[in-house]
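*Asks:* The following file, coords-v1.cif, comprises mmCIF, C-alpha atoms:
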data_coords
#
loop_
_atom_site.label_atom_id
_atom_site.label_comp_id
_atom_site.auth_asym_id
_atom_site.auth_seq_id
_atom_site.Cartn_x
_atom_site.Cartn_y
_atom_site.Cartn_z
CA MET A 8 114.67 84.07 115.17
CA LEU A 9 117.12 81.23 114.83
CA LEU A 10 120.17 81.09 117.09
CA GLY A 11 123.50 80.17 115.59
CA GLY A 12 124.88 76.74 116.35
CA GLY A 13 128.15 76.54 114.47
CA LEU A 14 129.44 75.23 111.16
CA LEU A 15 131.39 72.18 110.08
CA PRO A 16 135.02 72.79 108.99
CA ASP A 17 133.98 72.66 105.32
CA GLY A 18 131.15 75.15 105.84
CA GLY A 19 128.45 72.50 106.05
CA LEU A 20 125.77 72.49 108.73
CA PRO A 21 125.79 70.30 111.84
CA GLU A 22 122.71 68.17 112.34
CA TRP A 23 121.51 70.25 115.30
CA VAL A 24 121.61 73.37 113.13
CA VAL A 25 119.65 71.62 110.36
CA ARG A 26 116.99 70.73 112.90
CA ARG A 27 116.77 74.35 114.02
CA LEU A 28 116.43 75.49 110.42
CA GLU A 29 113.73 72.91 109.76
CA GLY A 30 111.87 74.20 112.82
CA CYS A 31 112.10 77.77 111.51
CA LEU A 32 110.97 76.73 108.06
CA HIS A 33 107.96 74.93 109.51
CA LEU A 34 106.91 78.00 111.53
CA TYR A 35 107.41 80.24 108.51
CA GLN A 36 105.25 78.07 106.26
CA GLN A 37 102.63 77.59 108.95
CA GLN A 38 102.24 81.33 109.55
CA ALA A 39 102.15 82.13 105.84
CA GLN A 40 99.48 79.51 105.20
CA ARG A 41 97.35 80.83 108.06
CA SER A 42 97.62 84.39 106.76
CA LEU A 43 96.81 83.36 103.21
CA ALA A 44 93.87 81.26 104.38
CA ALA A 45 92.51 84.26 106.29
CA VAL A 46 92.87 86.45 103.20
CA ALA A 47 91.14 83.79 101.09
CA ALA A 48 88.27 83.50 103.57
CA THR A 49 87.79 87.27 103.53
CA ALA A 50 87.88 87.32 99.74
CA ILE A 51 85.30 84.54 99.49
CA SER A 52 82.99 86.29 101.95
CA ASN A 53 83.21 89.33 99.69
CA GLY A 54 82.30 87.28 96.63
CA ALA A 55 85.80 86.80 95.18
CA ALA A 56 87.33 83.55 93.95
CA ALA A 57 89.33 81.46 96.40
CA LEU A 58 93.09 81.96 96.54
CA SER A 59 95.40 79.01 96.00
CA LEU A 60 98.35 78.59 98.35
CA THR A 61 100.45 77.32 95.45
CA ASP A 62 99.16 79.68 92.80
CA GLY A 63 101.15 82.11 90.70
CA ASN A 64 104.87 82.64 91.13
CA GLY A 65 105.60 80.17 93.87
CA SER A 66 108.48 80.50 96.30
CA GLY A 67 109.43 76.86 95.90
CA ALA A 68 108.11 76.25 99.41
CA GLY A 69 104.54 75.81 98.19
CA LEU A 70 103.70 79.47 98.78
CA PRO A 71 103.00 82.41 96.46
CA THR A 72 105.34 85.38 96.33
CA ALA A 73 104.95 89.10 95.73
CA SER A 74 107.50 91.67 94.59
CA THR A 75 108.02 95.17 95.96
CA GLN A 76 110.04 97.93 94.33
CA LEU A 77 112.61 99.47 96.64
CA PRO A 78 114.64 102.69 96.31
CA GLY A 79 117.61 102.35 94.00
CA GLY A 80 115.80 100.12 91.54
CA PHE A 81 115.90 97.01 93.72
CA THR A 82 113.05 94.50 93.76
CA GLN A 83 112.28 92.57 96.95
CA LEU A 84 110.56 89.20 96.71
CA THR A 85 108.57 88.03 99.74
CA THR A 86 105.81 85.60 100.67
CA PRO A 87 102.65 87.55 101.63
CA GLY A 88 101.73 87.04 105.28
CA ALA A 89 104.94 85.21 106.16
CA PRO A 90 107.05 86.49 109.05
CA PRO A 91 110.70 87.28 108.38
CA ILE A 92 113.23 84.74 109.58
CA VAL A 93 116.12 86.33 111.47
CA LEU A 94 119.32 84.30 111.31
CA LEU A 95 121.68 85.02 114.18
CA GLY A 96 125.40 84.56 114.48
CA ALA A 97 128.82 85.39 113.10
CA GLY A 98 130.75 82.51 114.63
CA THR A 99 132.10 81.17 117.91
CA PRO A 100 135.20 81.81 120.02
CA HIS A 101 135.54 78.04 120.45
CA LYS A 102 136.61 77.27 116.87
CA PRO A 103 138.41 79.14 114.06
CA PRO A 104 136.17 80.70 111.41
CA VAL A 105 135.35 78.91 108.18
CA ILE A 106 136.91 80.56 105.12
CA ASP A 107 134.92 80.36 101.89
CA ALA A 108 136.22 79.73 98.36
CA GLY A 109 136.79 83.45 97.86
CA GLY A 110 138.97 83.75 100.94
CA TYR A 111 136.35 85.48 103.09
CA VAL A 112 134.94 84.49 106.47
CA LEU A 113 131.73 82.49 106.12
CA HIS A 114 129.40 83.72 108.84
CA GLU A 115 127.00 81.24 110.36
CA SER A 116 124.02 83.39 109.43
CA THR A 117 125.11 83.47 105.78
CA ALA A 118 125.37 79.68 105.61
CA TYR A 119 121.96 79.35 107.24
CA ALA A 120 120.45 81.81 104.77
CA ASP A 121 121.83 79.73 101.89
CA TRP A 122 120.12 76.62 103.29
CA LEU A 123 116.75 78.39 103.41
CA LEU A 124 117.19 79.99 99.99
CA GLN A 125 117.80 76.54 98.53
CA ARG A 126 114.45 75.47 99.97
CA GLY A 127 112.51 78.24 98.34
CA VAL A 128 112.34 80.94 101.00
CA PRO A 129 112.59 84.32 99.22
CA ALA A 130 115.58 86.47 100.11
CA GLY A 131 113.19 89.24 101.13
CA ASP A 132 111.94 87.09 104.01
CA LEU A 133 115.43 86.47 105.42
CA LEU A 134 117.34 88.83 107.70
CA LYS A 135 120.88 88.32 108.97
CA GLU A 136 122.81 89.35 112.06
CA ALA A 137 126.55 88.78 111.82
CA GLN A 138 128.06 90.47 114.89
CA SER A 139 127.31 87.94 117.64
CA TYR A 140 129.61 85.18 118.84
CA ASP A 141 127.52 83.81 121.70
CA THR A 142 124.02 83.67 123.16
CA VAL A 143 124.28 87.06 124.85
CA GLY A 144 125.29 88.62 121.56
CA ASN A 145 122.45 86.80 119.79
CA ALA A 146 119.96 88.47 122.12
CA TYR A 147 121.60 91.91 122.20
CA PHE A 148 122.17 92.33 118.47
CA SER A 149 118.84 90.76 117.46
CA LEU A 150 117.15 93.35 119.64
CA LEU A 151 119.05 96.40 118.45
CA GLN A 152 119.53 95.49 114.78
CA HIS A 153 116.09 94.07 114.08
CA ALA A 154 113.40 93.98 116.78
CA VAL A 155 113.58 97.63 117.88
CA PRO A 156 113.95 99.35 114.48
CA ALA A 157 111.37 97.02 112.89
CA GLY A 158 108.88 97.63 115.71
CA TRP A 159 108.34 93.94 116.48
CA ARG A 160 106.68 92.82 119.70
CA ARG A 161 105.91 89.12 119.14
CA ILE A 162 108.97 87.03 118.34
CA ALA A 163 109.46 83.28 118.06
CA VAL A 164 112.90 82.07 119.17
CA VAL A 165 114.15 78.73 117.83
CA THR A 166 117.10 76.73 119.15
CA SER A 167 117.96 73.24 120.38
CA GLU A 168 116.50 71.79 123.57
CA PHE A 169 119.94 71.67 125.19
CA HIS A 170 120.40 75.39 124.49
CA MET A 171 116.90 76.63 125.29
CA PRO A 172 117.17 77.23 129.08
CA ARG A 173 120.16 79.50 128.57
CA THR A 174 118.53 81.14 125.56
CA ALA A 175 115.32 81.91 127.45
CA ALA A 176 117.21 83.23 130.49
CA THR A 177 119.29 85.51 128.27
CA PHE A 178 116.60 86.79 125.91
CA ASP A 179 114.16 87.36 128.78
CA VAL A 180 116.57 89.74 130.51
CA VAL A 181 117.79 91.57 127.40
CA TYR A 182 114.31 92.15 125.99
CA ALA A 183 112.85 93.05 129.41
CA LEU A 184 115.55 95.70 129.87
CA ALA A 185 114.63 97.13 126.47
CA GLY A 186 110.90 97.01 127.20
CA THR A 187 111.42 98.83 130.48
CA GLN A 188 113.69 101.51 129.07
CA LEU A 189 111.85 102.15 125.81
CA HIS A 190 108.22 101.56 126.81
CA GLY A 191 108.10 101.45 130.61
CA ASP A 192 106.99 97.82 130.41
CA PRO A 193 109.33 94.84 130.94
CA SER A 194 106.72 92.63 129.26
CA TRP A 195 106.49 94.77 126.13
CA PHE A 196 108.07 92.05 124.01
CA HIS A 197 106.37 88.66 123.80
CA LEU A 198 108.91 85.91 123.23
CA ASP A 199 107.69 82.49 122.12
CA TYR A 200 110.38 79.88 122.72
CA ARG A 201 110.35 76.94 120.31
CA PRO A 202 112.92 74.22 121.15
CA VAL A 203 113.77 71.53 118.63
CA SER A 204 114.63 67.98 119.62
CA ASP A 205 118.10 66.82 120.69
CA GLU A 206 117.14 63.16 120.31
CA GLY A 207 119.92 61.09 118.77
CA LEU A 208 122.29 64.03 118.27
CA PHE A 209 124.95 63.22 120.86
CA PRO A 210 125.99 60.41 123.18
CA ALA A 211 124.52 60.81 126.66
CA ASP A 212 127.82 61.89 128.24
CA VAL A 213 128.32 64.62 125.63
CA LEU A 214 124.81 65.98 126.17
CA GLU A 215 125.35 65.89 129.94
CA ALA A 216 128.59 67.86 129.60
CA ARG A 217 126.89 70.49 127.47
CA ALA A 218 123.93 70.69 129.86
CA ALA A 219 126.32 71.32 132.76
CA LYS A 220 128.05 74.10 130.82
CA GLU A 221 124.70 75.66 129.93
CA ALA A 222 123.59 75.61 133.57
CA ALA A 223 126.83 77.27 134.68
CA ALA A 224 126.39 79.94 132.01
CA VAL A 225 122.83 80.66 133.18
CA ALA A 226 124.02 81.06 136.78
CA ALA A 227 126.81 83.44 135.72
CA TRP A 228 124.41 85.45 133.56
CA GLN A 229 121.97 85.84 136.44
CA ARG A 230 124.75 87.07 138.73
CA ASN A 231 126.08 89.52 136.16
CA THR A 232 122.71 91.05 135.29
CA ALA A 233 121.06 91.05 138.73
CA GLY A 234 121.49 94.80 139.27
CA MET A 235 120.89 96.02 135.73
CA ALA A 236 118.14 98.60 135.25
CA GLY A 237 118.39 99.35 131.53
CA LEU A 238 120.24 98.88 128.26
CA ALA A 239 122.99 101.28 129.31
CA ASP A 240 123.97 98.89 132.12
CA LEU A 241 123.98 95.95 129.73
CA HIS A 242 125.98 97.87 127.14
CA ARG A 243 128.57 98.88 129.73
CA TRP A 244 128.98 95.33 131.03
CA LEU A 245 129.05 93.76 127.57
CA TYR A 246 131.79 95.95 126.13
CA ALA A 247 133.84 96.21 129.32
CA THR A 248 133.95 92.58 130.41
CA HIS A 249 132.67 90.10 127.82
CA LEU A 250 135.28 87.94 126.10
CA CYS A 251 133.64 88.27 122.69
CA TYR A 252 133.09 92.04 122.68
CA SER A 253 135.49 93.75 125.11
CA VAL A 254 138.61 95.43 123.71
CA ALA A 255 140.31 94.75 127.04
CA ARG A 256 139.84 91.02 126.45
CA GLN A 257 140.22 90.77 122.68
CA HIS A 258 143.64 89.12 123.08
CA GLU A 259 141.84 86.19 124.75
CA PHE A 260 139.46 85.53 121.85
CA GLY A 261 140.03 82.03 120.53
CA ARG A 262 143.08 81.49 122.72
CA HIS A 263 141.55 78.80 124.89
CA GLN A 264 140.33 76.40 122.23
CA GLU A 265 142.77 73.72 123.34
CA ASP A 266 141.34 73.91 126.88
CA LEU A 267 137.81 73.09 125.75
CA ASP A 268 136.58 69.67 126.82
CA PRO A 269 136.44 67.48 123.66
CA LYS A 270 132.90 66.52 124.63
CA LEU A 271 131.88 70.18 124.58
CA ALA A 272 133.83 70.86 121.39
CA ALA A 273 131.65 68.27 119.63
CA THR A 274 128.58 70.45 120.29
CA TYR A 275 129.90 73.63 118.60
#
Using the file provided, produce a representation of the structure as C-alpha cells.
*Replies:*
Amino acid sequence: MLLGGGLLPDGGLPEWVVRRLEGCLHLYQQQAQRSLAAVAATAISNGAAALSLTDGNGSGAGLPTASTQLPGGFTQLTTPGAPPIVLLGAGTPHKPPVIDAGGYVLHESTAYADWLLQRGVPAGDLLKEAQSYDTVGNAYFSLLQHAVPAGWRRIAVVTSEFHMPRTAATFDVVYALAGTQLHGDPSWFHLDYRPVSDEGLFPADVLEARAAKEAAAVAAWQRNTAGMAGLADLHRWLYATHLCYSVARQHEFGRHQEDLDPKLAATY
C-alpha cells in the first residue's frame, strides 16, 4: 500500500511522492520476480523448459503478463505472482483539490495510478482508494475497502521516513482493532513498514516542522484511541469528531489553509 502525499497545483507529483512510488514499484517487481523464479524452478525440476522473466507479452516493467476474462466481457491484465499495489488517497484538507482538463477532481490515487501505468504496471495490478483525506482515513478505508474483502493478512506499507512513525502508529491500531473484532487476534494482520528516504527533499527547518507536527498527531491519536475495543468505536469517533469525515465539522474542511505554517504547507 502506498500512502497519499499530495499533488502539485498542475497535477504533477511532488518528489517525495515519486520516491514512494519508486519504492512500491521496486517491491512489486521484486515479489513478481521471486514468484516467477519459484515457478521456473518447479517447472525445471519437473522436466519443463525454464521460464523467462521477460518472455511473452511483457508488462513494460520487464515482467510477463497474463489475461483473465471477467464477467461482462472485461479482460484483466496482471503480472503473475505480483502483489497488487493499493494507492491511497483522495486529497488533503490543507490544499484545494486539483481539477483535471475535463473539469473533474483529480484524486491523488488516480494520479499515482497513471504514474505506474506509464511504467508498465498492468491496470489489473493496481487498486485505488479515493475516500481518505488523511493518514487515519488511509488506514481505515484501506482496511475496509481492500484488506478485509480481499482476505489479505500480509501487507507492505510504503511512505516517507518523515511520515512513517505516524503511519505505523495509525495502521497498527486500526488493523489490530479489526483483527480483534473479526478474528479474535489483534496480530491477525502482518504489516511490513517500508519507509523511503527523505534525504535532500526539504531544508532542515522544514523537515523539523513536519516532524513536530507528526509527533503531535501521534500523541493525539494515542489519546483518542486509548479506550477503543473494536471497529464500532473507531467508526463512531471517526464520523462524529474527525475534521475530514464528520458532518458536524464539514464546514471546517479547508477553512484553515491560511493558518497552516508555510513550512508545513511545503510538505503537502
*Asks:* Pick out the residues sitting within 12 Å of Leu34 in chain A, and hand them over as a list of chain:residue names; count only C-alpha atoms, and ignore anything fewer than 3 positions along from it in its own chain.
*Replies:* A:Met8, A:Leu9, A:Arg27, A:Leu28, A:Glu29, A:Gly30, A:Cys31, A:Gln37, A:Gln38, A:Ala39, A:Gln40, A:Arg41, A:Ala89, A:Pro90, A:Pro91, A:Ile92, A:Ile162, A:Ala163, A:Val164, A:Val165, A:Asp199, A:Tyr200, A:Arg201, A:Pro202, A:Val203
*Asks:* Between CA of Ser74 in chain A and CA of Ser149 in chain A, what is the distance, to one decimal in Å?
*Replies:*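 These two atoms are separated by 25.5 Å.
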*Asks:* Which polymer residues have any atom within 8 Å of an atom of Gly13 in chain A, counting all atoms listed in the file, with same-chain residues fewer than 2 positions away left out, as a compact mmCIF listing (two decimals) with C-alpha atoms, keeping the file's coordinate frame?
*Replies:*
# COMPACT_ATOMS: atom_id res chain seq x y z
CA GLY A 11 123.50 80.17 115.59
CA LEU A 15 131.39 72.18 110.08
CA LEU A 20 125.77 72.49 108.73
CA PRO A 21 125.79 70.30 111.84
CA VAL A 24 121.61 73.37 113.13
CA GLY A 98 130.75 82.51 114.63
CA THR A 99 132.10 81.17 117.91
CA GLU A 115 127.00 81.24 110.36
CA TYR A 275 129.90 73.63 118.60
*Asks:* Translate the PyMOL selection byres ((chain A and resi 212) around 12), as applied to the file shown, into an explicit residue set as a ChimeraX atom specification.
*Replies:* /A:208-211,213-219,268-271,273-274
*Asks:* Which neighbours of Pro100 in chain A fall inside 8 Å, counting all atoms listed in the file, when residues of the same chain fewer than 6 positions from it are skipped, and could you give them as a PDB file with C-alpha atoms, in the coordinates of the input?
*Replies:*
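Written file, selection-v5.pdb:
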ATOM      1  CA  TYR A 140     129.610  85.180 118.840  1.00  0.00           C
ATOM      2  CA  CYS A 251     133.640  88.270 122.690  1.00  0.00           C
ATOM      3  CA  PHE A 260     139.460  85.530 121.850  1.00  0.00           C
ATOM      4  CA  GLY A 261     140.030  82.030 120.530  1.00  0.00           C
ATOM      5  CA  GLN A 264     140.330  76.400 122.230  1.00  0.00           C
TER       6      GLN A 264
END
*Asks:* Would you mind writing range 78-98 of chain A with N, CA, C and O atoms, as a PDB file, keeping the file's coordinate frame?
*Replies:*
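As a result, out.pdb now contains:
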ATOM      1  N   PRO A  78     113.795 101.614  96.827  1.00  0.00           N
ATOM      2  CA  PRO A  78     114.640 102.690  96.310  1.00  0.00           C
ATOM      3  C   PRO A  78     115.924 102.147  95.706  1.00  0.00           C
ATOM      4  O   PRO A  78     116.479 101.155  96.184  1.00  0.00           O
ATOM      5  N   GLY A  79     116.397 102.788  94.650  1.00  0.00           N
ATOM      6  CA  GLY A  79     117.610 102.350  94.000  1.00  0.00           C
ATOM      7  C   GLY A  79     117.375 101.326  92.908  1.00  0.00           C
ATOM      8  O   GLY A  79     118.325 100.764  92.360  1.00  0.00           O
ATOM      9  N   GLY A  80     116.107 101.052  92.607  1.00  0.00           N
ATOM     10  CA  GLY A  80     115.800 100.120  91.540  1.00  0.00           C
ATOM     11  C   GLY A  80     115.796  98.662  91.952  1.00  0.00           C
ATOM     12  O   GLY A  80     115.706  97.771  91.102  1.00  0.00           O
ATOM     13  N   PHE A  81     115.893  98.388  93.254  1.00  0.00           N
ATOM     14  CA  PHE A  81     115.900  97.010  93.720  1.00  0.00           C
ATOM     15  C   PHE A  81     114.472  96.479  93.828  1.00  0.00           C
ATOM     16  O   PHE A  81     113.537  97.221  94.122  1.00  0.00           O
ATOM     17  N   THR A  82     114.327  95.183  93.598  1.00  0.00           N
ATOM     18  CA  THR A  82     113.050  94.500  93.760  1.00  0.00           C
ATOM     19  C   THR A  82     113.179  93.472  94.873  1.00  0.00           C
ATOM     20  O   THR A  82     114.103  92.657  94.864  1.00  0.00           O
ATOM     21  N   GLN A  83     112.266  93.520  95.830  1.00  0.00           N
ATOM     22  CA  GLN A  83     112.280  92.570  96.950  1.00  0.00           C
ATOM     23  C   GLN A  83     111.166  91.563  96.772  1.00  0.00           C
ATOM     24  O   GLN A  83     110.010  91.924  96.565  1.00  0.00           O
ATOM     25  N   LEU A  84     111.523  90.284  96.851  1.00  0.00           N
ATOM     26  CA  LEU A  84     110.560  89.200  96.710  1.00  0.00           C
ATOM     27  C   LEU A  84     110.261  88.629  98.090  1.00  0.00           C
ATOM     28  O   LEU A  84     111.174  88.271  98.839  1.00  0.00           O
ATOM     29  N   THR A  85     108.982  88.565  98.447  1.00  0.00           N
ATOM     30  CA  THR A  85     108.570  88.030  99.740  1.00  0.00           C
ATOM     31  C   THR A  85     107.355  87.136  99.569  1.00  0.00           C
ATOM     32  O   THR A  85     106.709  87.129  98.520  1.00  0.00           O
ATOM     33  N   THR A  86     107.038  86.386 100.626  1.00  0.00           N
ATOM     34  CA  THR A  86     105.810  85.600 100.670  1.00  0.00           C
ATOM     35  C   THR A  86     104.781  86.377 101.479  1.00  0.00           C
ATOM     36  O   THR A  86     105.025  86.658 102.661  1.00  0.00           O
ATOM     37  N   PRO A  87     103.648  86.765 100.899  1.00  0.00           N
ATOM     38  CA  PRO A  87     102.650  87.550 101.630  1.00  0.00           C
ATOM     39  C   PRO A  87     102.200  86.840 102.909  1.00  0.00           C
ATOM     40  O   PRO A  87     101.890  85.650 102.899  1.00  0.00           O
ATOM     41  N   GLY A  88     102.196  87.586 104.007  1.00  0.00           N
ATOM     42  CA  GLY A  88     101.730  87.040 105.280  1.00  0.00           C
ATOM     43  C   GLY A  88     102.752  86.251 106.051  1.00  0.00           C
ATOM     44  O   GLY A  88     102.501  85.863 107.196  1.00  0.00           O
ATOM     45  N   ALA A  89     103.913  85.990 105.456  1.00  0.00           N
ATOM     46  CA  ALA A  89     104.940  85.210 106.160  1.00  0.00           C
ATOM     47  C   ALA A  89     105.790  86.129 107.025  1.00  0.00           C
ATOM     48  O   ALA A  89     106.124  87.238 106.613  1.00  0.00           O
ATOM     49  N   PRO A  90     106.166  85.681 108.215  1.00  0.00           N
ATOM     50  CA  PRO A  90     107.050  86.490 109.050  1.00  0.00           C
ATOM     51  C   PRO A  90     108.477  86.388 108.545  1.00  0.00           C
ATOM     52  O   PRO A  90     108.864  85.367 107.965  1.00  0.00           O
ATOM     53  N   PRO A  91     109.288  87.414 108.740  1.00  0.00           N
ATOM     54  CA  PRO A  91     110.700  87.280 108.380  1.00  0.00           C
ATOM     55  C   PRO A  91     111.396  86.293 109.297  1.00  0.00           C
ATOM     56  O   PRO A  91     111.008  86.127 110.452  1.00  0.00           O
ATOM     57  N   ILE A  92     112.399  85.632 108.773  1.00  0.00           N
ATOM     58  CA  ILE A  92     113.230  84.740 109.580  1.00  0.00           C
ATOM     59  C   ILE A  92     114.554  85.456 109.834  1.00  0.00           C
ATOM     60  O   ILE A  92     115.262  85.817 108.890  1.00  0.00           O
ATOM     61  N   VAL A  93     114.872  85.670 111.101  1.00  0.00           N
ATOM     62  CA  VAL A  93     116.120  86.330 111.470  1.00  0.00           C
ATOM     63  C   VAL A  93     117.149  85.265 111.825  1.00  0.00           C
ATOM     64  O   VAL A  93     116.923  84.446 112.719  1.00  0.00           O
ATOM     65  N   LEU A  94     118.265  85.288 111.131  1.00  0.00           N
ATOM     66  CA  LEU A  94     119.320  84.300 111.310  1.00  0.00           C
ATOM     67  C   LEU A  94     120.461  84.948 112.089  1.00  0.00           C
ATOM     68  O   LEU A  94     121.043  85.937 111.643  1.00  0.00           O
ATOM     69  N   LEU A  95     120.758  84.384 113.253  1.00  0.00           N
ATOM     70  CA  LEU A  95     121.680  85.020 114.180  1.00  0.00           C
ATOM     71  C   LEU A  95     123.035  84.326 114.200  1.00  0.00           C
ATOM     72  O   LEU A  95     123.109  83.103 114.229  1.00  0.00           O
ATOM     73  N   GLY A  96     124.089  85.119 114.207  1.00  0.00           N
ATOM     74  CA  GLY A  96     125.400  84.560 114.480  1.00  0.00           C
ATOM     75  C   GLY A  96     126.462  84.834 113.443  1.00  0.00           C
ATOM     76  O   GLY A  96     126.242  84.689 112.241  1.00  0.00           O
ATOM     77  N   ALA A  97     127.636  85.243 113.944  1.00  0.00           N
ATOM     78  CA  ALA A  97     128.820  85.390 113.100  1.00  0.00           C
ATOM     79  C   ALA A  97     129.677  84.138 113.193  1.00  0.00           C
ATOM     80  O   ALA A  97     130.125  83.590 112.186  1.00  0.00           O
ATOM     81  N   GLY A  98     129.898  83.668 114.419  1.00  0.00           N
ATOM     82  CA  GLY A  98     130.750  82.510 114.630  1.00  0.00           C
ATOM     83  C   GLY A  98     130.808  82.177 116.103  1.00  0.00           C
ATOM     84  O   GLY A  98     129.885  82.476 116.858  1.00  0.00           O
TER      85      GLY A  98
END
